[in-house]
>>> print(open('data.txt').read())   # compact mmCIF, N, CA and C atoms
# COMPACT_ATOMS: atom_id res chain seq x y z
N MET A 46 -60.34 -44.79 -66.99
CA MET A 46 -58.97 -45.02 -66.58
C MET A 46 -58.14 -43.77 -66.86
N ALA A 47 -57.24 -43.50 -65.99
CA ALA A 47 -56.37 -42.33 -66.14
C ALA A 47 -55.12 -42.71 -66.92
N GLU A 48 -54.36 -41.71 -67.35
CA GLU A 48 -53.16 -41.96 -68.12
C GLU A 48 -52.13 -42.79 -67.36
N HIS A 49 -52.16 -42.72 -66.05
CA HIS A 49 -51.18 -43.47 -65.26
C HIS A 49 -51.52 -44.95 -65.21
N GLY A 50 -52.64 -45.37 -65.81
CA GLY A 50 -52.98 -46.78 -65.92
C GLY A 50 -53.95 -47.28 -64.86
N GLY A 51 -54.39 -46.46 -63.98
CA GLY A 51 -55.32 -46.90 -62.94
C GLY A 51 -56.43 -45.89 -62.75
N PRO A 52 -57.35 -46.18 -61.88
CA PRO A 52 -58.45 -45.24 -61.66
C PRO A 52 -58.02 -44.04 -60.82
N TRP A 53 -58.77 -42.98 -60.94
CA TRP A 53 -58.63 -41.83 -60.06
C TRP A 53 -59.74 -41.90 -59.03
N ARG A 54 -59.46 -41.49 -57.82
CA ARG A 54 -60.47 -41.47 -56.76
C ARG A 54 -60.63 -40.04 -56.25
N MET A 55 -61.81 -39.77 -55.74
CA MET A 55 -62.10 -38.44 -55.20
C MET A 55 -62.91 -38.60 -53.93
N ILE A 56 -62.46 -37.96 -52.87
CA ILE A 56 -63.23 -37.87 -51.63
C ILE A 56 -63.86 -36.48 -51.60
N VAL A 57 -65.16 -36.45 -51.40
CA VAL A 57 -65.87 -35.20 -51.25
C VAL A 57 -66.14 -35.03 -49.76
N ARG A 58 -65.63 -33.94 -49.20
CA ARG A 58 -65.89 -33.63 -47.80
C ARG A 58 -66.89 -32.48 -47.78
N GLY A 59 -67.96 -32.64 -47.03
CA GLY A 59 -68.99 -31.61 -47.01
C GLY A 59 -69.42 -31.25 -45.60
N ALA A 60 -69.98 -30.05 -45.49
CA ALA A 60 -70.50 -29.57 -44.21
C ALA A 60 -71.72 -28.70 -44.48
N PHE A 61 -72.61 -28.67 -43.52
CA PHE A 61 -73.81 -27.86 -43.63
C PHE A 61 -73.50 -26.40 -43.33
N GLN A 62 -74.11 -25.50 -44.08
CA GLN A 62 -74.03 -24.06 -43.83
C GLN A 62 -75.24 -23.64 -43.00
N ASP A 63 -75.23 -22.42 -42.51
CA ASP A 63 -76.34 -21.90 -41.71
C ASP A 63 -77.68 -22.00 -42.44
N ALA A 64 -77.67 -21.76 -43.74
CA ALA A 64 -78.92 -21.79 -44.51
C ALA A 64 -79.61 -23.15 -44.41
N TRP A 65 -78.83 -24.23 -44.31
CA TRP A 65 -79.43 -25.56 -44.15
C TRP A 65 -80.09 -25.68 -42.78
N SER A 66 -79.40 -25.23 -41.77
CA SER A 66 -79.91 -25.36 -40.41
C SER A 66 -81.18 -24.56 -40.18
N THR A 67 -81.33 -23.45 -40.89
CA THR A 67 -82.51 -22.60 -40.70
C THR A 67 -83.59 -22.81 -41.76
N ALA A 68 -83.36 -23.71 -42.69
CA ALA A 68 -84.32 -23.96 -43.77
C ALA A 68 -85.55 -24.69 -43.24
N THR A 69 -86.68 -24.47 -43.90
CA THR A 69 -87.89 -25.23 -43.59
C THR A 69 -87.70 -26.65 -44.12
N GLN A 70 -88.56 -27.56 -43.69
CA GLN A 70 -88.45 -28.93 -44.18
C GLN A 70 -88.66 -28.98 -45.70
N GLN A 71 -89.57 -28.16 -46.22
CA GLN A 71 -89.79 -28.13 -47.68
C GLN A 71 -88.53 -27.66 -48.41
N GLU A 72 -87.87 -26.63 -47.88
CA GLU A 72 -86.62 -26.15 -48.49
C GLU A 72 -85.56 -27.25 -48.45
N LYS A 73 -85.47 -27.94 -47.31
CA LYS A 73 -84.49 -29.03 -47.21
C LYS A 73 -84.79 -30.13 -48.22
N ASP A 74 -86.06 -30.46 -48.39
CA ASP A 74 -86.43 -31.47 -49.38
C ASP A 74 -86.03 -31.03 -50.78
N ASP A 75 -86.29 -29.76 -51.12
CA ASP A 75 -85.94 -29.23 -52.44
C ASP A 75 -84.43 -29.24 -52.65
N VAL A 76 -83.69 -28.82 -51.62
CA VAL A 76 -82.23 -28.80 -51.70
C VAL A 76 -81.69 -30.22 -51.84
N PHE A 77 -82.24 -31.16 -51.08
CA PHE A 77 -81.77 -32.54 -51.17
C PHE A 77 -81.96 -33.08 -52.58
N HIS A 78 -83.13 -32.84 -53.17
CA HIS A 78 -83.39 -33.35 -54.53
C HIS A 78 -82.45 -32.69 -55.54
N ALA A 79 -82.16 -31.40 -55.38
CA ALA A 79 -81.23 -30.72 -56.27
C ALA A 79 -79.81 -31.29 -56.10
N TRP A 80 -79.46 -31.61 -54.87
CA TRP A 80 -78.14 -32.20 -54.57
C TRP A 80 -78.00 -33.56 -55.25
N ILE A 81 -79.05 -34.38 -55.16
CA ILE A 81 -79.04 -35.69 -55.81
C ILE A 81 -78.97 -35.53 -57.32
N ASP A 82 -79.71 -34.57 -57.88
CA ASP A 82 -79.67 -34.34 -59.32
C ASP A 82 -78.27 -34.01 -59.80
N ILE A 83 -77.54 -33.20 -59.04
CA ILE A 83 -76.17 -32.86 -59.43
C ILE A 83 -75.29 -34.11 -59.41
N HIS A 84 -75.48 -34.96 -58.42
CA HIS A 84 -74.69 -36.19 -58.37
C HIS A 84 -75.04 -37.13 -59.53
N ARG A 85 -76.27 -37.10 -59.97
CA ARG A 85 -76.64 -37.86 -61.18
C ARG A 85 -75.89 -37.31 -62.39
N GLU A 86 -75.73 -35.99 -62.45
CA GLU A 86 -74.95 -35.37 -63.52
C GLU A 86 -73.50 -35.85 -63.45
N TRP A 87 -72.98 -36.00 -62.23
CA TRP A 87 -71.62 -36.53 -62.08
C TRP A 87 -71.53 -37.91 -62.70
N GLN A 88 -72.54 -38.74 -62.44
CA GLN A 88 -72.54 -40.09 -63.01
C GLN A 88 -72.56 -40.03 -64.53
N GLU A 89 -73.31 -39.09 -65.08
CA GLU A 89 -73.34 -38.93 -66.54
C GLU A 89 -71.98 -38.52 -67.09
N ARG A 90 -71.14 -37.91 -66.27
CA ARG A 90 -69.79 -37.50 -66.67
C ARG A 90 -68.78 -38.62 -66.45
N GLY A 91 -69.25 -39.80 -66.07
CA GLY A 91 -68.36 -40.94 -65.90
C GLY A 91 -67.89 -41.19 -64.48
N CYS A 92 -68.43 -40.49 -63.51
CA CYS A 92 -68.06 -40.70 -62.11
C CYS A 92 -68.91 -41.82 -61.52
N MET A 93 -68.32 -42.62 -60.64
CA MET A 93 -69.03 -43.72 -60.02
C MET A 93 -68.96 -43.59 -58.50
N LEU A 94 -70.12 -43.53 -57.86
CA LEU A 94 -70.16 -43.46 -56.40
C LEU A 94 -69.71 -44.79 -55.82
N VAL A 95 -68.75 -44.72 -54.89
CA VAL A 95 -68.22 -45.92 -54.24
C VAL A 95 -68.84 -46.09 -52.86
N ALA A 96 -68.88 -44.99 -52.08
CA ALA A 96 -69.39 -45.08 -50.71
C ALA A 96 -69.72 -43.69 -50.19
N THR A 97 -70.55 -43.65 -49.14
CA THR A 97 -70.87 -42.40 -48.45
C THR A 97 -70.74 -42.61 -46.95
N LEU A 98 -70.60 -41.50 -46.22
CA LEU A 98 -70.52 -41.55 -44.77
C LEU A 98 -71.11 -40.26 -44.21
N ASP A 99 -72.00 -40.40 -43.26
CA ASP A 99 -72.60 -39.26 -42.56
C ASP A 99 -72.21 -39.42 -41.10
N ASP A 100 -71.42 -38.49 -40.57
CA ASP A 100 -70.94 -38.69 -39.19
C ASP A 100 -71.71 -37.86 -38.17
N GLU A 101 -73.02 -37.75 -38.34
CA GLU A 101 -73.82 -36.98 -37.39
C GLU A 101 -74.33 -37.81 -36.22
N LEU A 102 -73.92 -39.06 -36.11
CA LEU A 102 -74.43 -39.93 -35.05
C LEU A 102 -74.17 -39.38 -33.65
N ASN A 103 -73.05 -38.73 -33.48
CA ASN A 103 -72.68 -38.24 -32.15
C ASN A 103 -72.75 -36.73 -32.05
N MET A 104 -73.73 -36.13 -32.76
CA MET A 104 -73.81 -34.68 -32.73
C MET A 104 -75.26 -34.24 -32.85
N VAL A 105 -75.55 -33.09 -32.28
CA VAL A 105 -76.87 -32.46 -32.37
C VAL A 105 -76.65 -31.02 -32.80
N GLY A 106 -77.51 -30.51 -33.66
CA GLY A 106 -77.37 -29.13 -34.13
C GLY A 106 -76.37 -29.02 -35.25
N GLN A 107 -75.98 -27.79 -35.56
CA GLN A 107 -75.04 -27.54 -36.65
C GLN A 107 -73.64 -27.97 -36.23
N PRO A 108 -72.93 -28.69 -37.10
CA PRO A 108 -71.57 -29.11 -36.76
C PRO A 108 -70.67 -27.92 -36.52
N GLY A 109 -69.80 -28.03 -35.54
CA GLY A 109 -68.91 -26.93 -35.26
C GLY A 109 -67.50 -27.37 -34.95
N ALA A 110 -67.35 -28.46 -34.23
CA ALA A 110 -66.02 -28.89 -33.79
C ALA A 110 -65.19 -29.46 -34.95
N ARG A 111 -65.85 -30.07 -35.90
CA ARG A 111 -65.14 -30.65 -37.04
C ARG A 111 -65.43 -29.81 -38.28
N LEU A 112 -64.50 -29.81 -39.20
CA LEU A 112 -64.68 -29.06 -40.43
C LEU A 112 -65.72 -29.71 -41.36
N TRP A 113 -65.81 -31.03 -41.31
CA TRP A 113 -66.64 -31.77 -42.26
C TRP A 113 -67.52 -32.74 -41.52
N ASN A 114 -68.73 -32.99 -42.04
CA ASN A 114 -69.57 -33.97 -41.37
C ASN A 114 -70.25 -34.95 -42.31
N PHE A 115 -70.03 -34.83 -43.62
CA PHE A 115 -70.46 -35.91 -44.51
C PHE A 115 -69.45 -36.04 -45.64
N TYR A 116 -69.35 -37.25 -46.15
CA TYR A 116 -68.29 -37.58 -47.09
C TYR A 116 -68.85 -38.52 -48.15
N SER A 117 -68.26 -38.47 -49.34
CA SER A 117 -68.55 -39.48 -50.34
C SER A 117 -67.25 -39.79 -51.07
N LEU A 118 -67.15 -41.02 -51.52
CA LEU A 118 -65.97 -41.50 -52.24
C LEU A 118 -66.41 -41.88 -53.64
N TRP A 119 -65.70 -41.38 -54.63
CA TRP A 119 -66.04 -41.59 -56.03
C TRP A 119 -64.84 -42.08 -56.81
N GLU A 120 -65.08 -42.88 -57.85
CA GLU A 120 -64.09 -43.09 -58.89
C GLU A 120 -64.44 -42.12 -59.99
N ILE A 121 -63.43 -41.40 -60.48
CA ILE A 121 -63.67 -40.35 -61.47
C ILE A 121 -62.78 -40.58 -62.70
N PRO A 122 -63.19 -40.03 -63.85
CA PRO A 122 -62.39 -40.23 -65.06
C PRO A 122 -60.98 -39.64 -64.97
N GLY A 123 -60.81 -38.58 -64.20
CA GLY A 123 -59.50 -37.95 -64.04
C GLY A 123 -59.64 -36.66 -63.26
N PRO A 124 -58.52 -36.11 -62.80
CA PRO A 124 -58.58 -34.91 -61.97
C PRO A 124 -59.10 -33.68 -62.72
N GLN A 125 -59.06 -33.70 -64.05
CA GLN A 125 -59.50 -32.55 -64.83
C GLN A 125 -61.00 -32.30 -64.72
N VAL A 126 -61.79 -33.25 -64.23
CA VAL A 126 -63.25 -33.06 -64.16
C VAL A 126 -63.70 -32.32 -62.91
N THR A 127 -62.81 -32.10 -61.96
CA THR A 127 -63.26 -31.58 -60.66
C THR A 127 -63.91 -30.20 -60.74
N LEU A 128 -63.39 -29.31 -61.56
CA LEU A 128 -64.00 -27.99 -61.70
C LEU A 128 -65.42 -28.13 -62.26
N GLU A 129 -65.59 -28.98 -63.26
CA GLU A 129 -66.91 -29.23 -63.83
C GLU A 129 -67.87 -29.81 -62.79
N LEU A 130 -67.36 -30.60 -61.88
CA LEU A 130 -68.21 -31.21 -60.87
C LEU A 130 -68.68 -30.20 -59.83
N LEU A 131 -67.84 -29.24 -59.49
CA LEU A 131 -68.20 -28.26 -58.47
C LEU A 131 -69.03 -27.09 -59.00
N ASN A 132 -68.87 -26.75 -60.26
CA ASN A 132 -69.56 -25.58 -60.80
C ASN A 132 -71.07 -25.57 -60.57
N PRO A 133 -71.78 -26.69 -60.72
CA PRO A 133 -73.23 -26.63 -60.49
C PRO A 133 -73.62 -26.24 -59.06
N PHE A 134 -72.73 -26.40 -58.10
CA PHE A 134 -73.04 -26.02 -56.72
C PHE A 134 -73.04 -24.51 -56.52
N ARG A 135 -72.33 -23.81 -57.39
CA ARG A 135 -72.25 -22.35 -57.25
C ARG A 135 -72.86 -21.66 -58.47
N THR A 136 -73.85 -22.29 -59.03
CA THR A 136 -74.48 -21.78 -60.25
C THR A 136 -75.14 -20.42 -60.05
N GLU A 137 -75.18 -19.67 -61.10
CA GLU A 137 -75.93 -18.41 -61.12
C GLU A 137 -77.23 -18.59 -61.91
N ASP A 138 -77.52 -19.82 -62.33
CA ASP A 138 -78.72 -20.11 -63.10
C ASP A 138 -79.94 -19.93 -62.20
N PRO A 139 -80.84 -19.00 -62.53
CA PRO A 139 -82.01 -18.76 -61.67
C PRO A 139 -82.97 -19.95 -61.60
N ALA A 140 -82.85 -20.89 -62.53
CA ALA A 140 -83.72 -22.07 -62.51
C ALA A 140 -83.21 -23.14 -61.54
N ARG A 141 -82.01 -22.96 -61.00
CA ARG A 141 -81.43 -23.96 -60.10
C ARG A 141 -81.20 -23.35 -58.72
N ILE A 142 -81.23 -24.21 -57.72
CA ILE A 142 -80.92 -23.79 -56.35
C ILE A 142 -79.40 -23.65 -56.23
N ARG A 143 -78.98 -22.56 -55.65
CA ARG A 143 -77.55 -22.36 -55.42
C ARG A 143 -77.16 -23.12 -54.15
N LEU A 144 -76.64 -24.32 -54.32
CA LEU A 144 -76.40 -25.23 -53.20
C LEU A 144 -75.26 -24.82 -52.29
N ASP A 145 -74.36 -23.96 -52.76
CA ASP A 145 -73.27 -23.55 -51.87
C ASP A 145 -73.77 -22.64 -50.74
N ARG A 146 -75.02 -22.23 -50.78
CA ARG A 146 -75.62 -21.53 -49.64
C ARG A 146 -75.90 -22.52 -48.51
N PHE A 147 -76.14 -23.78 -48.86
CA PHE A 147 -76.57 -24.79 -47.90
C PHE A 147 -75.44 -25.72 -47.46
N PHE A 148 -74.45 -25.93 -48.33
CA PHE A 148 -73.35 -26.84 -48.05
C PHE A 148 -72.05 -26.19 -48.48
N ARG A 149 -70.97 -26.61 -47.86
CA ARG A 149 -69.65 -26.30 -48.40
C ARG A 149 -68.95 -27.61 -48.65
N PHE A 150 -68.10 -27.61 -49.65
CA PHE A 150 -67.45 -28.85 -50.09
C PHE A 150 -65.97 -28.63 -50.31
N GLU A 151 -65.25 -29.71 -50.18
CA GLU A 151 -63.85 -29.75 -50.56
C GLU A 151 -63.59 -31.10 -51.19
N LEU A 152 -62.84 -31.10 -52.27
CA LEU A 152 -62.51 -32.35 -52.95
C LEU A 152 -61.06 -32.71 -52.68
N VAL A 153 -60.81 -33.99 -52.50
CA VAL A 153 -59.46 -34.53 -52.39
C VAL A 153 -59.36 -35.57 -53.50
N VAL A 154 -58.39 -35.41 -54.39
CA VAL A 154 -58.26 -36.29 -55.55
C VAL A 154 -56.91 -36.98 -55.52
N GLY A 155 -56.93 -38.26 -55.83
CA GLY A 155 -55.68 -39.02 -55.89
C GLY A 155 -55.92 -40.38 -56.51
N THR A 156 -54.95 -41.22 -56.38
CA THR A 156 -55.03 -42.57 -56.93
C THR A 156 -55.07 -43.59 -55.79
N PRO A 157 -55.59 -44.78 -56.08
CA PRO A 157 -55.65 -45.81 -55.04
C PRO A 157 -54.24 -46.24 -54.58
N ILE A 158 -54.19 -46.75 -53.40
CA ILE A 158 -52.96 -47.41 -52.92
C ILE A 158 -53.11 -48.86 -53.35
N ALA A 159 -52.71 -49.13 -54.58
CA ALA A 159 -52.99 -50.42 -55.21
C ALA A 159 -52.41 -51.59 -54.44
N SER A 160 -51.21 -51.45 -53.91
CA SER A 160 -50.59 -52.56 -53.18
C SER A 160 -51.41 -52.92 -51.94
N MET A 161 -51.95 -51.93 -51.26
CA MET A 161 -52.79 -52.18 -50.08
C MET A 161 -54.09 -52.86 -50.50
N GLU A 162 -54.72 -52.36 -51.57
CA GLU A 162 -55.97 -52.95 -52.03
C GLU A 162 -55.77 -54.40 -52.46
N ARG A 163 -54.67 -54.67 -53.16
CA ARG A 163 -54.38 -56.06 -53.56
C ARG A 163 -54.16 -56.94 -52.33
N ALA A 164 -53.39 -56.45 -51.37
CA ALA A 164 -53.07 -57.24 -50.18
C ALA A 164 -54.30 -57.55 -49.34
N LEU A 165 -55.27 -56.63 -49.34
CA LEU A 165 -56.47 -56.82 -48.52
C LEU A 165 -57.68 -57.32 -49.30
N GLY A 166 -57.48 -57.57 -50.60
CA GLY A 166 -58.57 -58.10 -51.41
C GLY A 166 -59.67 -57.10 -51.68
N GLY A 167 -59.35 -55.84 -51.72
CA GLY A 167 -60.39 -54.83 -51.91
C GLY A 167 -60.08 -53.90 -53.04
N PRO A 168 -60.87 -52.91 -53.23
CA PRO A 168 -62.06 -52.63 -52.41
C PRO A 168 -63.23 -53.55 -52.79
N VAL A 169 -64.06 -53.79 -51.83
CA VAL A 169 -65.28 -54.55 -52.07
C VAL A 169 -66.47 -53.70 -51.69
N ARG A 170 -67.58 -53.92 -52.33
CA ARG A 170 -68.79 -53.16 -52.06
C ARG A 170 -69.36 -53.56 -50.71
N ALA A 171 -69.56 -52.58 -49.85
CA ALA A 171 -70.05 -52.85 -48.49
C ALA A 171 -71.56 -52.99 -48.45
N THR A 172 -72.26 -52.27 -49.32
CA THR A 172 -73.73 -52.32 -49.32
C THR A 172 -74.22 -52.61 -50.72
N ALA A 173 -75.35 -53.25 -50.79
CA ALA A 173 -75.94 -53.57 -52.10
C ALA A 173 -76.42 -52.29 -52.77
N PRO A 174 -76.35 -52.25 -54.12
CA PRO A 174 -76.83 -51.06 -54.83
C PRO A 174 -78.30 -50.83 -54.64
>>> encode(input="data.txt", output="structure tokens")
Amino acid sequence: MAEHGGPWRMIVRGAFQDAWSTATQQEKDDVFHAWIDIHREWQERGCMLVATLDDELNMVGQPGARLWNFYSLWEIPGPQVTLELLNPFRTEDPARIRLDRFFRFELVVGTPIASMERALGGPVRATAP
């Protein structure tokens, strides 16, 4: 819970970089597993995944017309954690894959619109864990 008395939310907007589009399937598998590992680290920091969205249904090839093509929504302990969450993507650690070569991200942080959520009975989980 944040000092304001409610949860903080974060939308992660992401897009593929050229390195993803030209990677071999093995490289993509390695990058995907590294990406998931970082999100597990987020969970260890108190972040909770709420939902994801991949909007590639109506597109082929590398996204170009839109800035972002995948999204995730998280509840986070507070806005102060965002730098810690992004740092692993741009790591200089030779033991880790530098994921900012493959994806670019932008975070949007704010609080819920509580009156809307109360009025609509949400949020509710759309998919089973």
>>> select_by_dssp(input="data.txt", residues="stretch 56-168 of chain A", states="strand (DSSP E)", output="MDAnalysis selection string")
chainID A and resid 56:61 93:99 115:121 148:155
>>> residues_around(input="data.txt", residues="A:Arg90", least_positions_apart="4", cutoff="8 Å", atoms="only N, CA and C atoms", output="number ranges by chain")
A: 84-86, 121-122
>>> write_last_selection(input="data.txt", atoms="N, CA and C atoms", output="mmCIF file, in the coordinates of the input")
data_model
loop_
_atom_site.group_PDB
_atom_site.id
_atom_site.type_symbol
_atom_site.label_atom_id
_atom_site.label_comp_id
_atom_site.auth_asym_id
_atom_site.auth_seq_id
_atom_site.Cartn_x
_atom_site.Cartn_y
_atom_site.Cartn_z
ATOM 1 N N HIS A 84 -75.480 -34.960 -58.420
ATOM 2 C CA HIS A 84 -74.690 -36.190 -58.370
ATOM 3 C C HIS A 84 -75.040 -37.130 -59.530
ATOM 4 N N ARG A 85 -76.270 -37.100 -59.970
ATOM 5 C CA ARG A 85 -76.640 -37.860 -61.180
ATOM 6 C C ARG A 85 -75.890 -37.310 -62.390
ATOM 7 N N GLU A 86 -75.730 -35.990 -62.450
ATOM 8 C CA GLU A 86 -74.950 -35.370 -63.520
ATOM 9 C C GLU A 86 -73.500 -35.850 -63.450
ATOM 10 N N ILE A 121 -63.430 -41.400 -60.480
ATOM 11 C CA ILE A 121 -63.670 -40.350 -61.470
ATOM 12 C C ILE A 121 -62.780 -40.580 -62.700
ATOM 13 N N PRO A 122 -63.190 -40.030 -63.850
ATOM 14 C CA PRO A 122 -62.390 -40.230 -65.060
ATOM 15 C C PRO A 122 -60.980 -39.640 -64.970
#
>>> closest_residue(input="data.txt", among="A:Trp53, A:Glu137, A:Arg143, A:Trp80", to="A:Gln125", atoms="only C-alpha atoms")
A:Trp53
>>> select_by_dssp(input="data.txt", residues="chain A", states="alpha helix (DSSP H)", output="VMD selection string")
chain A and resid 63 to 67 70 to 89 127 to 131 159 to 165
>>> write_last_selection(input="data.txt", atoms="N, CA and C atoms", output="tab-separated table (two decimals), keeping the file's coordinate frame")
chain	number	residue	atom	x	y	z
A	63	ASP	N	-75.23	-22.42	-42.51
A	63	ASP	CA	-76.34	-21.90	-41.71
A	63	ASP	C	-77.68	-22.00	-42.44
A	64	ALA	N	-77.67	-21.76	-43.74
A	64	ALA	CA	-78.92	-21.79	-44.51
A	64	ALA	C	-79.61	-23.15	-44.41
A	65	TRP	N	-78.83	-24.23	-44.31
A	65	TRP	CA	-79.43	-25.56	-44.15
A	65	TRP	C	-80.09	-25.68	-42.78
A	66	SER	N	-79.40	-25.23	-41.77
A	66	SER	CA	-79.91	-25.36	-40.41
A	66	SER	C	-81.18	-24.56	-40.18
A	67	THR	N	-81.33	-23.45	-40.89
A	67	THR	CA	-82.51	-22.60	-40.70
A	67	THR	C	-83.59	-22.81	-41.76
A	70	GLN	N	-88.56	-27.56	-43.69
A	70	GLN	CA	-88.45	-28.93	-44.18
A	70	GLN	C	-88.66	-28.98	-45.70
A	71	GLN	N	-89.57	-28.16	-46.22
A	71	GLN	CA	-89.79	-28.13	-47.68
A	71	GLN	C	-88.53	-27.66	-48.41
A	72	GLU	N	-87.87	-26.63	-47.88
A	72	GLU	CA	-86.62	-26.15	-48.49
A	72	GLU	C	-85.56	-27.25	-48.45
A	73	LYS	N	-85.47	-27.94	-47.31
A	73	LYS	CA	-84.49	-29.03	-47.21
A	73	LYS	C	-84.79	-30.13	-48.22
A	74	ASP	N	-86.06	-30.46	-48.39
A	74	ASP	CA	-86.43	-31.47	-49.38
A	74	ASP	C	-86.03	-31.03	-50.78
A	75	ASP	N	-86.29	-29.76	-51.12
A	75	ASP	CA	-85.94	-29.23	-52.44
A	75	ASP	C	-84.43	-29.24	-52.65
A	76	VAL	N	-83.69	-28.82	-51.62
A	76	VAL	CA	-82.23	-28.80	-51.70
A	76	VAL	C	-81.69	-30.22	-51.84
A	77	PHE	N	-82.24	-31.16	-51.08
A	77	PHE	CA	-81.77	-32.54	-51.17
A	77	PHE	C	-81.96	-33.08	-52.58
A	78	HIS	N	-83.13	-32.84	-53.17
A	78	HIS	CA	-83.39	-33.35	-54.53
A	78	HIS	C	-82.45	-32.69	-55.54
A	79	ALA	N	-82.16	-31.40	-55.38
A	79	ALA	CA	-81.23	-30.72	-56.27
A	79	ALA	C	-79.81	-31.29	-56.10
A	80	TRP	N	-79.46	-31.61	-54.87
A	80	TRP	CA	-78.14	-32.20	-54.57
A	80	TRP	C	-78.00	-33.56	-55.25
A	81	ILE	N	-79.05	-34.38	-55.16
A	81	ILE	CA	-79.04	-35.69	-55.81
A	81	ILE	C	-78.97	-35.53	-57.32
A	82	ASP	N	-79.71	-34.57	-57.88
A	82	ASP	CA	-79.67	-34.34	-59.32
A	82	ASP	C	-78.27	-34.01	-59.80
A	83	ILE	N	-77.54	-33.20	-59.04
A	83	ILE	CA	-76.17	-32.86	-59.43
A	83	ILE	C	-75.29	-34.11	-59.41
A	84	HIS	N	-75.48	-34.96	-58.42
A	84	HIS	CA	-74.69	-36.19	-58.37
A	84	HIS	C	-75.04	-37.13	-59.53
A	85	ARG	N	-76.27	-37.10	-59.97
A	85	ARG	CA	-76.64	-37.86	-61.18
A	85	ARG	C	-75.89	-37.31	-62.39
A	86	GLU	N	-75.73	-35.99	-62.45
A	86	GLU	CA	-74.95	-35.37	-63.52
A	86	GLU	C	-73.50	-35.85	-63.45
A	87	TRP	N	-72.98	-36.00	-62.23
A	87	TRP	CA	-71.62	-36.53	-62.08
A	87	TRP	C	-71.53	-37.91	-62.70
A	88	GLN	N	-72.54	-38.74	-62.44
A	88	GLN	CA	-72.54	-40.09	-63.01
A	88	GLN	C	-72.56	-40.03	-64.53
A	89	GLU	N	-73.31	-39.09	-65.08
A	89	GLU	CA	-73.34	-38.93	-66.54
A	89	GLU	C	-71.98	-38.52	-67.09
A	127	THR	N	-62.81	-32.10	-61.96
A	127	THR	CA	-63.26	-31.58	-60.66
A	127	THR	C	-63.91	-30.20	-60.74
A	128	LEU	N	-63.39	-29.31	-61.56
A	128	LEU	CA	-64.00	-27.99	-61.70
A	128	LEU	C	-65.42	-28.13	-62.26
A	129	GLU	N	-65.59	-28.98	-63.26
A	129	GLU	CA	-66.91	-29.23	-63.83
A	129	GLU	C	-67.87	-29.81	-62.79
A	130	LEU	N	-67.36	-30.60	-61.88
A	130	LEU	CA	-68.21	-31.21	-60.87
A	130	LEU	C	-68.68	-30.20	-59.83
A	131	LEU	N	-67.84	-29.24	-59.49
A	131	LEU	CA	-68.20	-28.26	-58.47
A	131	LEU	C	-69.03	-27.09	-59.00
A	159	ALA	N	-52.71	-49.13	-54.58
A	159	ALA	CA	-52.99	-50.42	-55.21
A	159	ALA	C	-52.41	-51.59	-54.44
A	160	SER	N	-51.21	-51.45	-53.91
A	160	SER	CA	-50.59	-52.56	-53.18
A	160	SER	C	-51.41	-52.92	-51.94
A	161	MET	N	-51.95	-51.93	-51.26
A	161	MET	CA	-52.79	-52.18	-50.08
A	161	MET	C	-54.09	-52.86	-50.50
A	162	GLU	N	-54.72	-52.36	-51.57
A	162	GLU	CA	-55.97	-52.95	-52.03
A	162	GLU	C	-55.77	-54.40	-52.46
A	163	ARG	N	-54.67	-54.67	-53.16
A	163	ARG	CA	-54.38	-56.06	-53.56
A	163	ARG	C	-54.16	-56.94	-52.33
A	164	ALA	N	-53.39	-56.45	-51.37
A	164	ALA	CA	-53.07	-57.24	-50.18
A	164	ALA	C	-54.30	-57.55	-49.34
A	165	LEU	N	-55.27	-56.63	-49.34
A	165	LEU	CA	-56.47	-56.82	-48.52
A	165	LEU	C	-57.68	-57.32	-49.30
>>> closest_residue(input="data.txt", among="A:Asp74, A:Ala60, A:Pro157, A:Arg54", to="A:Gly123", atoms="only C-alpha atoms")
A:Arg54
>>> axis_aligned_box(input="data.txt", around="stretch 165-170 of chain A", padding_each_side="6 Å", output="AutoDock Vina command-line options")
--center_x -62.3 --center_y -55.4 --center_z -50.9 --size_x 26.1 --size_y 17.5 --size_z 16.7
>>> atom_distance(input="data.txt", atom1="atom C of A:Gln62", atom2="atom CA of A:Gly91")
29.5 Å
>>> atom_distance(input="data.txt", atom1="atom N of A:Thr97", atom2="atom N of A:Trp119")
7.7 Å
>>> atom_distance(input="data.txt", atom1="atom CA of A:Leu118", atom2="atom CA of A:Asn132")
18.4 Å
>>> residues_around(input="data.txt", residues="A:Ala140", least_positions_apart="4", cutoff="12 Å", atoms="only C-alpha atoms", output="count of residues only")
3
>>> closest_residue(input="data.txt", among="A:Pro52, A:Pro124, A:Pro168, A:Pro139", to="A:Val154", atoms="only C-alpha atoms")
A:Pro124
>>> residues_around(input="data.txt", residues="A:Lys73", least_positions_apart="5", cutoff="12 Å", atoms="only C-alpha atoms", output="ChimeraX atom specification")
/A:61,64-68,78-80,142,144,146-148
>>> residues_around(input="data.txt", residues="A:Tyr116", least_positions_apart="4", cutoff="6.5 Å", atoms="all atoms listed in the file", output="list in words")
Ile56, Val57, Arg58, Gly59, Ala96, Thr97, Leu98, Asp99 and Asp100 of chain A
